[in-house]
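Visitor: Sharing my_file_12.txt, compact mmCIF, C-alpha atoms and all ligand atoms:
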# COMPACT_ATOMS: atom_id res chain seq x y z
CA MET A 44 47.18 -76.82 17.98
CA GLY A 45 46.29 -73.13 17.91
CA ARG A 46 48.82 -70.37 18.39
CA PHE A 47 47.55 -69.88 21.95
CA SER A 48 47.22 -73.50 23.11
CA GLY A 49 47.97 -73.66 26.82
CA LYS A 50 47.92 -69.86 27.14
CA VAL A 51 45.73 -67.68 29.34
CA ALA A 52 44.60 -64.24 28.18
CA LEU A 53 42.93 -61.45 30.14
CA ILE A 54 40.96 -58.99 28.04
CA THR A 55 39.44 -55.94 29.68
CA GLY A 56 36.13 -54.53 28.48
CA SER A 57 35.27 -57.75 26.71
CA SER A 58 31.49 -58.07 27.10
CA LYS A 59 30.88 -56.66 23.62
CA GLY A 60 32.43 -54.94 20.61
CA ILE A 61 36.12 -55.36 19.86
CA GLY A 62 36.85 -56.88 23.30
CA ARG A 63 34.39 -59.70 22.68
CA ALA A 64 35.87 -60.39 19.24
CA ILE A 65 39.35 -60.57 20.78
CA ALA A 66 38.20 -62.99 23.50
CA VAL A 67 36.55 -65.25 20.92
CA ARG A 68 39.57 -65.09 18.59
CA PHE A 69 41.98 -66.09 21.38
CA ALA A 70 39.65 -68.91 22.37
CA GLN A 71 39.44 -70.14 18.77
CA GLU A 72 43.24 -70.28 18.74
CA GLY A 73 43.39 -72.34 21.92
CA ALA A 74 43.58 -69.90 24.86
CA ASN A 75 41.51 -69.92 28.01
CA VAL A 76 40.23 -66.41 28.56
CA ILE A 77 39.33 -64.08 31.37
CA ILE A 78 36.74 -61.56 30.33
CA ASN A 79 35.85 -58.40 32.20
CA SER A 80 33.18 -55.74 32.35
CA ARG A 81 31.81 -53.22 34.84
CA ASN A 82 28.37 -54.87 34.63
CA ASN A 83 27.21 -58.44 34.59
CA ASP A 84 24.53 -58.34 31.91
CA GLU A 85 23.24 -60.11 28.81
CA HIS A 86 26.31 -58.98 26.84
CA VAL A 87 28.59 -60.83 29.24
CA ALA A 88 26.41 -63.94 28.92
CA GLU A 89 26.66 -63.76 25.12
CA THR A 90 30.48 -63.46 25.20
CA ILE A 91 30.68 -66.42 27.58
CA ARG A 92 28.46 -68.41 25.20
CA GLN A 93 30.60 -67.57 22.18
CA VAL A 94 33.85 -68.40 23.97
CA GLU A 95 32.53 -71.69 25.35
CA GLU A 96 31.32 -72.67 21.88
CA THR A 97 34.99 -72.87 20.84
CA GLY A 98 35.71 -75.39 23.60
CA ALA A 99 37.81 -72.92 25.60
CA LYS A 100 37.34 -72.13 29.27
CA VAL A 101 36.19 -68.66 30.28
CA HIS A 102 36.10 -66.82 33.59
CA PHE A 103 34.30 -63.50 34.09
CA ILE A 104 35.53 -60.76 36.44
CA LYS A 105 33.06 -57.98 37.16
CA SER A 106 35.21 -54.98 37.96
CA ASP A 107 35.88 -51.32 37.38
CA ILE A 108 39.48 -51.06 36.20
CA SER A 109 39.86 -47.44 37.29
CA LYS A 110 40.82 -48.51 40.83
CA VAL A 111 44.40 -49.62 41.50
CA GLU A 112 43.55 -52.23 44.15
CA VAL A 113 40.92 -53.67 41.81
CA VAL A 114 43.32 -54.26 38.91
CA TYR A 115 45.85 -55.92 41.21
CA ALA A 116 43.06 -58.20 42.45
CA MET A 117 42.16 -59.00 38.83
CA VAL A 118 45.63 -60.36 38.08
CA LYS A 119 45.55 -62.37 41.32
CA GLU A 120 42.14 -63.83 40.51
CA SER A 121 43.16 -64.70 36.94
CA VAL A 122 46.18 -66.61 38.18
CA GLU A 123 44.14 -68.35 40.89
CA VAL A 124 41.54 -69.51 38.37
CA PHE A 125 43.77 -70.69 35.51
CA GLY A 126 47.13 -71.09 37.28
CA LYS A 127 48.89 -68.51 35.13
CA LEU A 128 48.53 -65.46 32.94
CA ASP A 129 50.33 -65.05 29.60
CA ILE A 130 48.59 -62.30 27.67
CA LEU A 131 47.07 -58.99 28.74
CA VAL A 132 44.88 -57.03 26.34
CA ASN A 133 44.07 -53.55 27.62
CA ASN A 134 40.91 -53.09 25.61
CA ALA A 135 38.42 -51.29 27.86
CA GLY A 136 37.73 -47.76 26.71
CA VAL A 137 35.04 -45.09 26.80
CA GLU A 138 34.44 -41.82 25.01
CA ILE A 139 32.21 -38.85 25.84
CA ASN A 140 31.12 -36.45 23.11
CA ALA A 141 31.22 -32.81 24.25
CA PRO A 142 32.72 -29.53 23.04
CA PHE A 143 35.88 -28.72 24.98
CA TRP A 144 34.22 -25.86 26.91
CA GLU A 145 31.52 -28.18 28.23
CA VAL A 146 33.66 -31.07 29.46
CA THR A 147 33.01 -31.66 33.16
CA GLU A 148 35.48 -32.94 35.74
CA LYS A 149 33.40 -36.10 36.02
CA ASP A 150 33.51 -36.74 32.25
CA TYR A 151 37.25 -36.08 32.17
CA ASP A 152 37.89 -38.44 35.11
CA THR A 153 35.70 -41.19 33.67
CA VAL A 154 37.54 -41.19 30.35
CA MET A 155 41.05 -40.84 31.77
CA ASN A 156 40.53 -43.32 34.60
CA ILE A 157 39.24 -46.12 32.39
CA ASN A 158 41.30 -45.53 29.24
CA LEU A 159 44.61 -44.55 30.80
CA LYS A 160 44.85 -45.14 34.54
CA GLY A 161 43.22 -48.56 34.25
CA MET A 162 45.60 -49.79 31.57
CA PHE A 163 48.58 -48.23 33.37
CA PHE A 164 48.08 -49.99 36.69
CA LEU A 165 46.71 -53.24 35.30
CA THR A 166 49.84 -53.45 33.15
CA GLN A 167 51.93 -52.71 36.24
CA ALA A 168 50.18 -55.50 38.15
CA PHE A 169 50.78 -57.90 35.22
CA VAL A 170 54.46 -56.92 34.96
CA ARG A 171 54.99 -57.41 38.69
CA TYR A 172 53.32 -60.83 38.49
CA MET A 173 55.71 -61.81 35.67
CA MET A 174 58.78 -60.48 37.49
CA GLU A 175 57.87 -62.17 40.78
CA ASN A 176 57.25 -65.50 39.07
CA ASN A 177 60.03 -65.35 36.50
CA VAL A 178 57.66 -65.75 33.58
CA VAL A 179 57.32 -63.86 30.32
CA GLY A 180 54.13 -62.49 28.81
CA VAL A 181 52.91 -60.09 26.19
CA ILE A 182 50.78 -56.93 26.29
CA VAL A 183 48.56 -55.49 23.56
CA ASN A 184 46.69 -52.23 24.04
CA ASN A 185 43.60 -51.29 22.10
CA SER A 186 44.28 -47.64 21.43
CA SER A 187 42.72 -45.72 18.51
CA VAL A 188 43.62 -43.79 15.39
CA HIS A 189 43.04 -40.91 17.80
CA GLU A 190 46.36 -41.60 19.51
CA GLU A 191 47.58 -39.61 16.48
CA LEU A 192 44.62 -37.90 14.80
CA PRO A 193 42.57 -35.06 16.28
CA PHE A 194 38.91 -35.84 17.03
CA PRO A 195 37.01 -32.62 17.77
CA ASN A 196 34.60 -32.87 20.73
CA PHE A 197 36.54 -35.84 22.13
CA THR A 198 39.53 -34.07 23.65
CA ALA A 199 39.79 -36.13 26.82
CA TYR A 200 39.51 -39.30 24.71
CA CYS A 201 42.33 -38.11 22.43
CA ALA A 202 44.44 -37.15 25.46
CA SER A 203 43.99 -40.65 26.89
CA LYS A 204 44.86 -42.32 23.58
CA GLY A 205 47.87 -40.08 22.93
CA ALA A 206 49.09 -40.96 26.40
CA MET A 207 48.57 -44.66 25.71
CA GLN A 208 50.93 -44.30 22.78
CA MET A 209 53.68 -42.92 25.02
CA VAL A 210 53.07 -45.41 27.82
CA MET A 211 53.42 -48.20 25.25
CA ARG A 212 56.63 -46.76 23.78
CA ASN A 213 58.14 -46.20 27.20
CA LEU A 214 57.29 -49.67 28.42
CA ALA A 215 58.70 -51.24 25.26
CA VAL A 216 62.05 -49.76 26.32
CA GLU A 217 61.73 -50.62 30.02
CA LEU A 218 60.34 -54.12 29.54
CA GLY A 219 62.34 -55.16 26.47
CA PRO A 220 65.29 -56.47 28.54
CA LEU A 221 62.78 -58.74 30.35
CA ASN A 222 61.59 -60.03 26.94
CA ILE A 223 58.13 -58.60 27.61
CA ARG A 224 56.64 -57.13 24.43
CA ILE A 225 54.04 -54.36 24.26
CA ASN A 226 52.29 -52.91 21.20
CA ASN A 227 49.17 -50.94 20.34
CA VAL A 228 46.47 -51.53 17.79
CA ALA A 229 44.83 -48.33 16.58
CA PRO A 230 41.36 -49.09 15.24
CA GLY A 231 39.57 -46.58 13.06
CA ALA A 232 35.81 -46.62 12.65
CA ILE A 233 34.66 -50.08 13.66
CA LYS A 234 31.07 -51.32 13.90
CA THR A 235 30.72 -51.55 17.69
CA PRO A 236 28.35 -50.23 20.36
CA ILE A 237 30.71 -47.25 20.98
CA ASN A 238 29.60 -46.03 17.54
CA ALA A 239 25.87 -46.72 18.00
CA ASP A 240 24.96 -43.06 17.49
CA LEU A 241 26.97 -42.73 14.29
CA LEU A 242 25.70 -46.03 12.92
CA SER A 243 22.13 -44.77 13.23
CA LYS A 244 22.79 -41.62 11.14
CA PRO A 245 23.14 -42.42 7.39
CA GLU A 246 24.34 -38.92 6.43
CA LEU A 247 27.21 -38.99 8.96
CA LEU A 248 28.04 -42.54 7.99
CA GLY A 249 28.26 -41.60 4.28
CA THR A 250 30.73 -38.78 4.99
CA LEU A 251 32.82 -41.05 7.18
CA GLN A 252 32.90 -43.84 4.61
CA ASN A 253 34.22 -41.40 1.99
CA ASN A 254 37.12 -40.71 4.35
CA ILE A 255 38.08 -44.38 4.55
CA SER A 256 40.18 -45.73 1.68
CA LEU A 257 38.50 -49.15 1.82
CA ARG A 258 35.10 -47.39 1.85
CA ARG A 259 33.65 -49.41 4.71
CA LEU A 260 33.64 -49.48 8.48
CA GLY A 261 35.68 -52.24 10.07
CA GLU A 262 34.34 -55.30 11.85
CA PRO A 263 35.47 -56.14 15.40
CA GLU A 264 37.02 -59.32 13.93
CA ASP A 265 39.25 -57.17 11.68
CA VAL A 266 40.85 -55.76 14.83
CA ALA A 267 40.91 -59.08 16.71
CA GLY A 268 43.02 -60.66 13.97
CA VAL A 269 45.75 -58.04 14.38
CA VAL A 270 45.63 -58.26 18.19
CA ALA A 271 46.07 -62.03 17.91
CA PHE A 272 49.04 -61.53 15.58
CA LEU A 273 50.70 -59.11 18.01
CA ALA A 274 50.10 -61.41 20.97
CA SER A 275 51.48 -64.43 19.12
CA ASP A 276 55.02 -65.58 18.45
CA ASP A 277 54.53 -64.53 14.83
CA ALA A 278 55.24 -61.05 16.21
CA LYS A 279 58.06 -62.10 18.54
CA TYR A 280 60.36 -59.37 17.21
CA VAL A 281 57.69 -56.63 17.37
CA THR A 282 57.60 -54.26 20.32
CA GLY A 283 56.98 -50.53 20.73
CA SER A 284 54.79 -50.28 17.62
CA THR A 285 51.30 -49.10 16.79
CA TYR A 286 49.43 -51.09 14.14
CA TYR A 287 46.67 -49.12 12.43
CA VAL A 288 43.54 -51.14 11.68
CA ASP A 289 41.57 -48.40 10.02
CA GLY A 290 40.87 -49.27 6.38
CA GLY A 291 43.21 -46.43 5.44
CA LEU A 292 41.36 -43.72 7.42
CA THR A 293 44.39 -42.11 9.05
CA PHE A 294 46.34 -41.32 5.93
CA HIS A 295 43.42 -40.81 3.61
CA TYR A 296 43.66 -37.80 1.35
CA THR A 297 41.81 -36.93 -1.81
CA GLU A 298 40.97 -33.77 -3.74
CA GLN A 299 37.87 -35.29 -5.29
C1 LIG B 301 36.24 -43.88 18.22
C2 LIG B 301 35.03 -43.82 17.30
C3 LIG B 301 35.39 -43.13 15.99
C4 LIG B 301 36.62 -43.77 15.40
C5 LIG B 301 37.06 -43.10 14.09
C6 LIG B 301 37.40 -44.47 17.50
O1 LIG B 301 38.52 -44.44 18.32
O2 LIG B 301 35.94 -44.66 19.35
O3 LIG B 301 34.00 -43.12 17.95
O4 LIG B 301 34.31 -43.24 15.07
O5 LIG B 301 37.68 -43.72 16.31
O6 LIG B 301 37.12 -41.72 14.23
Give the structure from this file in structure tokens form.
Ligand code: BGC

Guide:
Amino acid sequence: MGRFSGKVALITGSSKGIGRAIAVRFAQEGANVIINSRNNDEHVAETIRQVEETGAKVHFIKSDISKVEVVYAMVKESVEVFGKLDILVNNAGVEINAPFWEVTEKDYDTVMNINLKGMFFLTQAFVRYMMENNVVGVIVNNSSVHEELPFPNFTAYCASKGAMQMVMRNLAVELGPLNIRINNVAPGAIKTPINADLLSKPELLGTLQNNISLRRLGEPEDVAGVVAFLASDDAKYVTGSTYYVDGGLTFHYTEQ
């Protein structure tokens, strides 16, 4: 019996990277999972394969979470397919590298709509589902160390992550009386496709590694383990918190 036996989890942006690792981890612990991506490609097929290998059931929803009616439809579809929904992981996120003075309206909207608006209204749809059906669930957001730390050339990304921190804290207060918990994980530098550029540049990678206390980048599974903890009853008294999964990056300081 895994911690998530009989549970259903929806994980946004789960065709690759951290989202895939979360989907597989939930499946390994007994959940049936709904995965999501904007595209139906070979990455989706690979996540489905890895989830099915655990014996869990998986359903894929191809959707762009930046539209309100779309996220409401996602909750409806999830419940139709598996009969219920217990766990929401707001994982989908994008970043665009540009100096502040070159950020376009389109870039700004893309980042804010996926990272912030998507999680905001999908969470709202999930909360309404729970309230209407008198059931209790749990929410985990995949934020970033950049909900706290500056990240030059990624100002819209930082704005979205800083806002995710406050949405999470606010909802912990509003949803606590309903026994609905919400927390963030804040990954640091993790080996995922979002970092493809960095991973291909040894000199940048060396500098970054020297800024991480554990002297290595994280693996998607390192983050998935903490997400699973927060979604499980092991964390039943945890709400309104951010858990850093960053190898010590955020509070790293040295004079050598
Ligand atoms: C970003 C990565 C970055 C990491 C550490 C993450 O939130 O997506 O691009 O390397 O933070 O700075």

Visitor: Could you list, with a cut-off of 9 Å and counting only C-alpha atoms and all ligand atoms, the residues of chain A near ligand LIG 301 (chain B), each shown with its nearest atom pair and the distance in Å rounded to one decimal, rows sorted by chain and ascending number, as a tab-separated table?

Guide:
residue	atom	partner	partner_atom	distance
A:Gly136	CA	B:LIG301	O2	8.2
A:Val137	CA	B:LIG301	O2	7.5
A:Glu138	CA	B:LIG301	O2	6.5
A:Asn140	CA	B:LIG301	O3	8.9
A:Ser186	CA	B:LIG301	O1	7.3
A:Ser187	CA	B:LIG301	O1	4.4
A:Val188	CA	B:LIG301	O1	5.9
A:His189	CA	B:LIG301	O1	5.8
A:Glu190	CA	B:LIG301	O1	8.4
A:Leu192	CA	B:LIG301	O6	8.4
A:Pro193	CA	B:LIG301	O6	8.8
A:Phe194	CA	B:LIG301	O6	6.8
A:Phe197	CA	B:LIG301	O3	8.8
A:Tyr200	CA	B:LIG301	O1	8.3
A:Cys201	CA	B:LIG301	O1	8.5
A:Lys204	CA	B:LIG301	O1	8.5
A:Ala229	CA	B:LIG301	O1	7.6
A:Pro230	CA	B:LIG301	O1	6.3
A:Gly231	CA	B:LIG301	C5	4.4
A:Ala232	CA	B:LIG301	C5	4.0
A:Ile233	CA	B:LIG301	C4	6.8
A:Lys234	CA	B:LIG301	O4	8.8
A:Thr235	CA	B:LIG301	O2	8.8
A:Ile237	CA	B:LIG301	O2	6.1
A:Asn238	CA	B:LIG301	O3	5.3
A:Ala239	CA	B:LIG301	O3	8.9
A:Leu241	CA	B:LIG301	O4	7.4
A:Leu251	CA	B:LIG301	O6	8.3
A:Asp289	CA	B:LIG301	C5	8.1
A:Leu292	CA	B:LIG301	C5	8.0
A:Thr293	CA	B:LIG301	O6	8.9

Visitor: I need the chosen residues saved as a PDB file, in the frame of the given file, with C-alpha atoms.

Guide:
ATOM      1  CA  GLY A 136      37.730 -47.760  26.710  1.00  0.00           C
ATOM      2  CA  VAL A 137      35.040 -45.090  26.800  1.00  0.00           C
ATOM      3  CA  GLU A 138      34.440 -41.820  25.010  1.00  0.00           C
ATOM      4  CA  ASN A 140      31.120 -36.450  23.110  1.00  0.00           C
ATOM      5  CA  SER A 186      44.280 -47.640  21.430  1.00  0.00           C
ATOM      6  CA  SER A 187      42.720 -45.720  18.510  1.00  0.00           C
ATOM      7  CA  VAL A 188      43.620 -43.790  15.390  1.00  0.00           C
ATOM      8  CA  HIS A 189      43.040 -40.910  17.800  1.00  0.00           C
ATOM      9  CA  GLU A 190      46.360 -41.600  19.510  1.00  0.00           C
ATOM     10  CA  LEU A 192      44.620 -37.900  14.800  1.00  0.00           C
ATOM     11  CA  PRO A 193      42.570 -35.060  16.280  1.00  0.00           C
ATOM     12  CA  PHE A 194      38.910 -35.840  17.030  1.00  0.00           C
ATOM     13  CA  PHE A 197      36.540 -35.840  22.130  1.00  0.00           C
ATOM     14  CA  TYR A 200      39.510 -39.300  24.710  1.00  0.00           C
ATOM     15  CA  CYS A 201      42.330 -38.110  22.430  1.00  0.00           C
ATOM     16  CA  LYS A 204      44.860 -42.320  23.580  1.00  0.00           C
ATOM     17  CA  ALA A 229      44.830 -48.330  16.580  1.00  0.00           C
ATOM     18  CA  PRO A 230      41.360 -49.090  15.240  1.00  0.00           C
ATOM     19  CA  GLY A 231      39.570 -46.580  13.060  1.00  0.00           C
ATOM     20  CA  ALA A 232      35.810 -46.620  12.650  1.00  0.00           C
ATOM     21  CA  ILE A 233      34.660 -50.080  13.660  1.00  0.00           C
ATOM     22  CA  LYS A 234      31.070 -51.320  13.900  1.00  0.00           C
ATOM     23  CA  THR A 235      30.720 -51.550  17.690  1.00  0.00           C
ATOM     24  CA  ILE A 237      30.710 -47.250  20.980  1.00  0.00           C
ATOM     25  CA  ASN A 238      29.600 -46.030  17.540  1.00  0.00           C
ATOM     26  CA  ALA A 239      25.870 -46.720  18.000  1.00  0.00           C
ATOM     27  CA  LEU A 241      26.970 -42.730  14.290  1.00  0.00           C
ATOM     28  CA  LEU A 251      32.820 -41.050   7.180  1.00  0.00           C
ATOM     29  CA  ASP A 289      41.570 -48.400  10.020  1.00  0.00           C
ATOM     30  CA  LEU A 292      41.360 -43.720   7.420  1.00  0.00           C
ATOM     31  CA  THR A 293      44.390 -42.110   9.050  1.00  0.00           C
TER      32      THR A 293
END

Visitor: Give the answer as one residue: which of A:Leu128, A:Gly268, A:Ala202, A:Val179 has the shortest atom-to-atom distance to Gln71 in chain A, using all atoms listed in the file?

Guide: A:Gly268

Visitor: Which value, in Å to one decimal, gives the distance between CA of Leu273 in chain A and CA of Arg224 in chain A?

Guide: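 About the pair CA of Leu273 in chain A and CA of Arg224 in chain A: they are 9.0 Å apart.
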
Visitor: If you measure from CA of Asn253 in chain A to CA of Val154 in chain A, what distance in Å do you get, rounded to one decimal?

Guide: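 Separation between CA of Asn253 in chain A and CA of Val154 in chain A: 28.6 Å.
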
Visitor: If you measure from CA of Tyr115 in chain A to CA of Phe163 in chain A, what distance in Å do you get, rounded to one decimal?

Guide: 11.3 Å

Visitor: Find the smallest box with edges along x, y and z containing every listed atom of range 216-229 of chain A, then add 3 Å on each side and report centre and edge lengths in Å to one decimal, as AutoDock Vina command-line options.

Guide:
--center_x 55.1 --center_y -54.2 --center_z 23.5 --size_x 26.5 --size_y 17.7 --size_z 19.8

Visitor: Of the candidates A:Ala99, A:Leu221, A:Ile65, A:Ala70, which one gets nearest to Arg46 in chain A if we count only C-alpha atoms?

Guide: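 Distance minimum relative to Arg46 in chain A lands on A:Ala70.
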
Visitor: Name the closest residue to Asn226 in chain A among the candidates A:Ile139, A:Ile130, A:Ile78, A:Val67; distances are taken between atoms, counting all atoms listed in the file.

Guide: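 Going through A:Ile139, A:Ile130, A:Ile78, A:Val67 one by one, the smallest distance to Asn226 in chain A is for A:Ile130.
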
Visitor: Restricting the calculation to all atoms listed in the file: of A:Gly261, A:Gly98, A:Gly45, A:Gly60, which residue gets closest to Glu72 in chain A?

Guide: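 Ranked by minimum distance to Glu72 in chain A, first place goes to A:Gly45.
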
Visitor: Find the residues around Tyr280 in chain A up to 12 Å (only C-alpha atoms counted), leave out those fewer than 2 positions away in its own chain, and share them as a short mmCIF file (atom, residue, chain, number, x, y, z; two decimals) with C-alpha atoms, keeping the file's coordinate frame.

Guide:
data_model
loop_
_atom_site.label_atom_id
_atom_site.label_comp_id
_atom_site.auth_asym_id
_atom_site.auth_seq_id
_atom_site.Cartn_x
_atom_site.Cartn_y
_atom_site.Cartn_z
CA VAL A 181 52.91 -60.09 26.19
CA ALA A 215 58.70 -51.24 25.26
CA GLY A 219 62.34 -55.16 26.47
CA ASN A 222 61.59 -60.03 26.94
CA ILE A 223 58.13 -58.60 27.61
CA ARG A 224 56.64 -57.13 24.43
CA ILE A 225 54.04 -54.36 24.26
CA ASN A 226 52.29 -52.91 21.20
CA PHE A 272 49.04 -61.53 15.58
CA LEU A 273 50.70 -59.11 18.01
CA ALA A 274 50.10 -61.41 20.97
CA SER A 275 51.48 -64.43 19.12
CA ASP A 276 55.02 -65.58 18.45
CA ASP A 277 54.53 -64.53 14.83
CA ALA A 278 55.24 -61.05 16.21
CA THR A 282 57.60 -54.26 20.32
CA GLY A 283 56.98 -50.53 20.73
CA SER A 284 54.79 -50.28 17.62
#

Visitor: Can you pull out the residues contacting Ile91 in chain A? Cut-off 9 Å, using all atoms listed in the file, and skip same-chain residues under 5 positions away; I want them as a PyMOL selection string.

Guide: chain A and resi 58+67+78+86+96+100-103
